[in-house]
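Participant: As input, take input.txt (compact mmCIF, C-alpha atoms):
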# COMPACT_ATOMS: atom_id res chain seq x y z
CA MET J 1 -1.22 126.15 -55.43
CA ALA J 2 -2.25 124.00 -52.50
CA ASP J 3 -0.39 124.24 -49.23
CA ILE J 4 1.41 121.27 -47.68
CA HIS J 5 -1.45 120.67 -45.23
CA THR J 6 -4.01 120.34 -48.03
CA LEU J 7 -1.69 118.09 -50.05
CA ALA J 8 -1.12 115.83 -47.02
CA LEU J 9 -4.85 115.59 -46.30
CA ASP J 10 -5.61 114.75 -49.93
CA ALA J 11 -2.92 112.05 -49.92
CA MET J 12 -4.29 110.58 -46.68
CA LYS J 13 -7.84 110.54 -48.08
CA THR J 14 -6.66 108.83 -51.27
CA LYS J 15 -4.68 106.21 -49.30
CA GLY J 16 -7.59 105.63 -46.91
CA ALA J 17 -10.03 105.15 -49.77
CA ALA J 18 -7.65 102.69 -51.46
CA ASP J 19 -7.16 100.74 -48.22
CA ALA J 20 -10.93 100.59 -47.62
CA ALA J 21 -11.56 99.42 -51.19
CA ALA J 22 -8.91 96.68 -50.92
CA LEU J 23 -10.34 95.49 -47.61
CA ALA J 24 -13.89 95.52 -48.99
CA ALA J 25 -12.77 93.46 -51.99
CA LYS J 26 -11.24 90.85 -49.64
CA ALA J 27 -14.40 90.75 -47.53
CA VAL J 28 -16.73 90.41 -50.52
CA ALA J 29 -14.53 87.63 -51.95
CA GLY J 30 -14.69 85.76 -48.63
CA GLU J 31 -10.96 86.24 -48.01
CA ALA J 32 -11.40 88.33 -44.84
CA ASP J 33 -13.22 86.80 -41.89
CA GLY J 34 -14.51 88.66 -38.83
CA THR J 35 -11.16 88.41 -37.05
CA TYR J 36 -9.37 90.00 -40.00
CA LEU J 37 -11.96 92.74 -40.40
CA VAL J 38 -11.96 93.60 -36.68
CA ALA J 39 -8.14 93.67 -36.68
CA HIS J 40 -8.23 96.07 -39.64
CA ALA J 41 -11.11 98.20 -38.35
CA ALA J 42 -9.07 101.37 -38.91
CA GLU J 43 -9.40 100.74 -42.65
CA VAL J 44 -13.16 100.11 -42.49
CA PRO J 45 -15.34 103.11 -43.36
CA THR J 46 -17.93 104.29 -40.88
CA TRP J 47 -21.57 103.59 -41.71
CA ARG J 48 -23.59 106.61 -42.73
CA GLN J 49 -27.11 107.16 -43.89
CA ARG J 50 -26.87 106.62 -47.68
CA ASP J 51 -27.90 104.43 -50.60
CA TYR J 52 -26.35 100.93 -50.36
CA THR J 53 -28.07 99.46 -53.43
CA GLY J 54 -24.84 99.58 -55.46
CA VAL J 55 -22.61 98.28 -52.67
CA PRO J 56 -21.55 94.61 -52.91
CA VAL J 57 -22.94 92.30 -50.23
CA GLY J 58 -20.18 91.55 -47.70
CA THR J 59 -18.71 95.07 -47.71
CA PRO J 60 -17.66 96.00 -44.16
CA TYR J 61 -18.66 99.16 -42.26
CA LYS J 62 -18.03 100.32 -38.67
CA TRP J 63 -20.76 101.53 -36.38
CA GLN J 64 -20.49 102.39 -32.70
CA GLY J 65 -17.22 100.54 -32.21
CA ARG J 66 -18.24 97.36 -34.05
CA VAL J 67 -17.63 96.05 -37.54
CA TYR J 68 -20.57 94.84 -39.64
CA LYS J 69 -20.84 93.41 -43.14
CA LEU J 70 -23.57 94.40 -45.54
CA TRP J 71 -26.03 91.50 -45.70
CA GLN J 72 -28.64 92.94 -48.06
CA THR J 73 -28.43 95.89 -50.43
CA HIS J 74 -30.85 98.70 -49.59
CA ASP J 75 -31.40 102.44 -49.75
CA ALA J 76 -30.97 103.99 -46.31
CA SER J 77 -30.69 107.56 -47.57
CA ALA J 78 -34.07 108.42 -46.03
CA GLN J 79 -33.84 105.89 -43.17
CA PRO J 80 -31.79 107.18 -40.23
CA ASP J 81 -32.86 104.18 -38.12
CA TRP J 82 -31.40 101.62 -40.56
CA SER J 83 -27.99 101.64 -38.90
CA PRO J 84 -26.34 98.20 -38.56
CA ASP J 85 -27.26 97.85 -34.89
CA LYS J 86 -30.96 98.48 -35.60
CA ALA J 87 -31.61 97.13 -39.11
CA VAL J 88 -30.57 93.58 -38.27
CA SER J 89 -32.04 92.13 -41.46
CA LEU J 90 -29.63 94.25 -43.51
CA TRP J 91 -26.34 93.78 -41.63
CA ASP J 92 -24.23 90.96 -40.18
CA ILE J 93 -22.01 91.65 -37.16
CA CYS J 94 -18.38 90.50 -37.21
CA HIS J 95 -16.82 88.67 -34.27
CA THR J 96 -13.12 88.04 -33.64
CA LYS J 97 -11.17 84.99 -32.52
CA ASP J 98 -8.45 87.25 -31.11
CA PRO J 99 -9.03 87.72 -27.36
CA ALA J 100 -7.08 90.99 -27.43
CA LEU J 101 -9.65 92.45 -29.86
CA ALA J 102 -12.75 91.08 -28.14
CA THR J 103 -15.61 93.50 -27.57
CA ASP J 104 -18.60 93.34 -25.26
CA TYR J 105 -20.96 90.43 -25.83
CA GLN J 106 -23.79 91.26 -28.19
CA PRO J 107 -26.77 88.96 -28.68
CA PRO J 108 -27.15 87.47 -32.16
CA GLN J 109 -29.24 89.37 -34.70
CA GLY J 110 -31.69 86.64 -35.56
CA THR J 111 -29.77 83.84 -37.27
CA ARG J 112 -26.87 86.18 -38.07
CA GLY J 113 -24.35 87.00 -35.42
CA LEU J 114 -24.56 83.59 -33.80
CA TRP J 115 -21.32 82.98 -31.96
CA GLN J 116 -19.03 80.41 -33.56
CA GLU J 117 -16.40 78.17 -32.02
CA GLY J 118 -13.28 80.17 -31.13
CA GLU J 119 -14.89 83.62 -31.26
CA CYS J 120 -14.24 85.84 -28.26
CA CYS J 121 -16.24 88.40 -26.32
CA VAL J 122 -16.13 90.37 -23.10
CA GLN J 123 -18.77 89.96 -20.40
CA LEU J 124 -18.80 90.37 -16.63
CA GLY J 125 -15.25 91.76 -16.71
CA HIS J 126 -13.86 88.59 -18.33
CA ILE J 127 -12.84 87.55 -21.82
CA TRP J 128 -14.66 84.46 -23.06
CA ARG J 129 -14.02 82.08 -25.98
CA CYS J 130 -16.99 80.29 -27.52
CA LEU J 131 -16.72 76.49 -27.44
CA THR J 132 -19.57 75.60 -29.82
CA ALA J 133 -20.88 76.54 -33.25
CA ASP J 134 -24.07 78.55 -33.72
CA ASN J 135 -24.25 79.63 -30.08
CA ALA J 136 -27.05 82.08 -29.27
CA TYR J 137 -26.32 82.24 -25.53
CA SER J 138 -24.06 84.59 -23.59
CA PRO J 139 -21.45 83.41 -21.10
CA SER J 140 -23.74 84.41 -18.23
CA GLU J 141 -26.71 82.53 -19.71
CA LEU J 142 -24.94 79.28 -20.62
CA PRO J 143 -21.37 79.30 -19.26
CA GLU J 144 -20.68 75.70 -20.31
CA ARG J 145 -20.59 76.90 -23.93
CA TRP J 146 -17.79 79.33 -23.13
CA GLU J 147 -14.21 79.17 -21.85
CA ASP J 148 -13.23 81.87 -19.35
CA LEU J 149 -9.91 83.32 -20.52
CA GLY J 150 -9.52 85.56 -17.50
CA THR J 151 -10.19 89.11 -16.47
CA VAL J 152 -10.05 91.99 -18.88
CA GLU J 153 -6.89 94.09 -18.59
CA ARG J 154 -7.71 97.49 -20.08
CA GLU J 155 -5.81 100.68 -19.56
CA GLU J 156 -7.83 103.45 -18.00
CA ALA J 157 -8.18 106.53 -20.15
CA ALA J 158 -5.96 109.39 -19.08
CA GLU J 159 -7.90 112.24 -17.55
Turn this file's structure into structure tokens for me.
Facilitator:
Amino acid sequence: MADIHTLALDAMKTKGAADAAALAAKAVAGEADGTYLVAHAAEVPTWRQRDYTGVPVGTPYKWQGRVYKLWQTHDASAQPDWSPDKAVSLWDICHTKDPALATDYQPPQGTRGLWQEGECCVQLGHIWRCLTADNAYSPSELPERWEDLGTVEREEAAE
């Protein structure tokens, strides 16, 4: 008979898998945009080196603090360098319109990851909101395409 710890872990794994599957279904159906996916990042599974040929396009994965959606099915089981941040032809990065969830500015990955109107990022210690569609330029490169929402207020990690 399993102990309470094992039962609790099994229940948590089952719930986590169900939450991830529900979120993936929303993303694949186009019902979950980048803001939604970033807000629910705790339910997004972490990318790992594996075969993605049977995974539906649009399924979200986390990697190094960012959420990406599968753009093209592929087999990465023998490709450790095909992570979402490196294999830009296979993944699409998600941005958020919620300034509180904004992450550091990341340049677009080719034609994917272009910044859209309302999406937010952090650069130069400030939060910025994009003012145009299909923006490939950072706030420091072309500030007229961005609205400065003010300085970033982040709690320092306890030491």
Participant: If I take atom CA of J:Pro107 and atom CA of J:Val122, how far is one from the other in Å, to one decimal?
Facilitator: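 Between atom CA of J:Pro107 and atom CA of J:Val122 the gap works out to 12.1 Å.
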Participant: List as JSON lines every residue of stretch 35-62 of chain J that is in contact with stretch 19-30 of chain J, defined as an atom at most 7 Å from one of its atoms (using all atoms listed in the file), together with the nearest atom pair and the distance in Å rounded to one decimal, sorted by chain and then rising number.
Facilitator:
{"residue": "J:Glu43", "atom": "CA", "partner": "J:Ala20", "partner_atom": "CA", "distance": 5.2}
{"residue": "J:Val44", "atom": "CA", "partner": "J:Ala20", "partner_atom": "CA", "distance": 5.6}
{"residue": "J:Pro45", "atom": "CA", "partner": "J:Ala20", "partner_atom": "CA", "distance": 6.6}
{"residue": "J:Pro56", "atom": "CA", "partner": "J:Val28", "partner_atom": "CA", "distance": 6.8}
{"residue": "J:Val57", "atom": "CA", "partner": "J:Val28", "partner_atom": "CA", "distance": 6.5}
{"residue": "J:Gly58", "atom": "CA", "partner": "J:Val28", "partner_atom": "CA", "distance": 4.6}
{"residue": "J:Thr59", "atom": "CA", "partner": "J:Ala24", "partner_atom": "CA", "distance": 5.0}
{"residue": "J:Pro60", "atom": "CA", "partner": "J:Ala24", "partner_atom": "CA", "distance": 6.1}
Participant: Rank J:Gln116, J:Thr6, J:Gln64, J:Ser89 by their smallest atom-to-atom distance to J:Gly34, using all atoms listed in the file, and report the top residue only.
Facilitator: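 Residue with the minimum atom-to-atom distance to J:Gly34: J:Gln116.
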Participant: Taking 4 positions as the minimum chain separation for residues in the same chain, which residues sit within 10 Å of J:Asp92 when counting all atoms listed in the file? Answer as a list in words.
Facilitator: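 Residues meeting the cut-off are Gly58, Pro60, Val67, Tyr68, Lys69, Leu70, Trp71, Gln72, Pro84, Asp85, Ala87, Val88, Pro108, Gln109, Gly110, Thr111, Arg112, Gly113 and Leu114 of chain J.
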Participant: Measuring between all atoms listed in the file, which one of J:Pro80, J:Gly65, J:Gly150, J:Pro139 shows the shortest distance to J:Cys94?
Facilitator: J:Gly65
Participant: To one decimal place, how far is atom CA of J:Ser138 from atom CA of J:Ala42 in Å?
Facilitator: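 Atom CA of J:Ala42 lies at a distance of 27.2 Å from atom CA of J:Ser138.
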Participant: Check the smallest atom-to-atom distance from each of J:Ala32, J:Ala76, J:Ile93, J:Leu142 to J:Arg48 using all atoms listed in the file, then report the winner.
Facilitator: J:Ala76
Participant: Using only the atoms of stretch 24-43 of chain J listed in the file, plus 3 Å on each side, state the axis-aligned box centre and edge lengths in Å rounded to one decimal, as lines of an AutoDock Vina configuration file.
Facilitator:
center_x = -12.4
center_y = 93.6
center_z = -44.3
size_x = 14.6
size_y = 21.6
size_z = 21.3
Participant: Between atom CA of J:Asp148 and atom CA of J:Ala133, what distance in Å does the model show, to one decimal?
Facilitator: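 Straight-line distance from atom CA of J:Asp148 to atom CA of J:Ala133 works out to 16.7 Å.
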Participant: Compile the contact shell of J:Ile127 as a PDB file with C-alpha atoms, in the coordinates of the input: residues with an atom at most 8 Å away, counting all atoms listed in the file, same-chain residues fewer than 2 positions apart removed.
Facilitator:
ATOM      1  CA  PRO J  99      -9.030  87.720 -27.360  1.00  0.00           C
ATOM      2  CA  ALA J 102     -12.750  91.080 -28.140  1.00  0.00           C
ATOM      3  CA  CYS J 120     -14.240  85.840 -28.260  1.00  0.00           C
ATOM      4  CA  CYS J 121     -16.240  88.400 -26.320  1.00  0.00           C
ATOM      5  CA  VAL J 122     -16.130  90.370 -23.100  1.00  0.00           C
ATOM      6  CA  GLN J 123     -18.770  89.960 -20.400  1.00  0.00           C
ATOM      7  CA  GLY J 125     -15.250  91.760 -16.710  1.00  0.00           C
ATOM      8  CA  ARG J 129     -14.020  82.080 -25.980  1.00  0.00           C
ATOM      9  CA  ASP J 148     -13.230  81.870 -19.350  1.00  0.00           C
ATOM     10  CA  LEU J 149      -9.910  83.320 -20.520  1.00  0.00           C
ATOM     11  CA  GLY J 150      -9.520  85.560 -17.500  1.00  0.00           C
ATOM     12  CA  THR J 151     -10.190  89.110 -16.470  1.00  0.00           C
ATOM     13  CA  VAL J 152     -10.050  91.990 -18.880  1.00  0.00           C
TER      14      VAL J 152
END
Participant: Rank nothing, just name the residue among J:His126, J:Arg50, J:His40, J:Arg145 nearest to J:Asp81, using all atoms listed in the file.
Facilitator: J:Arg50
Participant: Could you list, as a CSV table (one decimal) with C-alpha atoms, in the frame of the given file, every residue within 9 Å of J:Thr73, counting all atoms listed in the file and ignoring same-chain residues fewer than 4 positions away?
Facilitator:
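Output file around23.csv follows:
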chain,number,residue,atom,x,y,z
J,51,ASP,CA,-27.9,104.4,-50.6
J,52,TYR,CA,-26.4,100.9,-50.4
J,53,THR,CA,-28.1,99.5,-53.4
J,54,GLY,CA,-24.8,99.6,-55.5
J,55,VAL,CA,-22.6,98.3,-52.7
J,56,PRO,CA,-21.6,94.6,-52.9
J,57,VAL,CA,-22.9,92.3,-50.2
J,90,LEU,CA,-29.6,94.2,-43.5
Participant: Between J:Ala41, J:Ala100, J:Ile4, J:Ala136, which residue has the minimum interatomic distance to J:Glu153, considering only C-alpha atoms?
Facilitator: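 Among the listed residues, the smallest separation from J:Glu153 belongs to J:Ala100.
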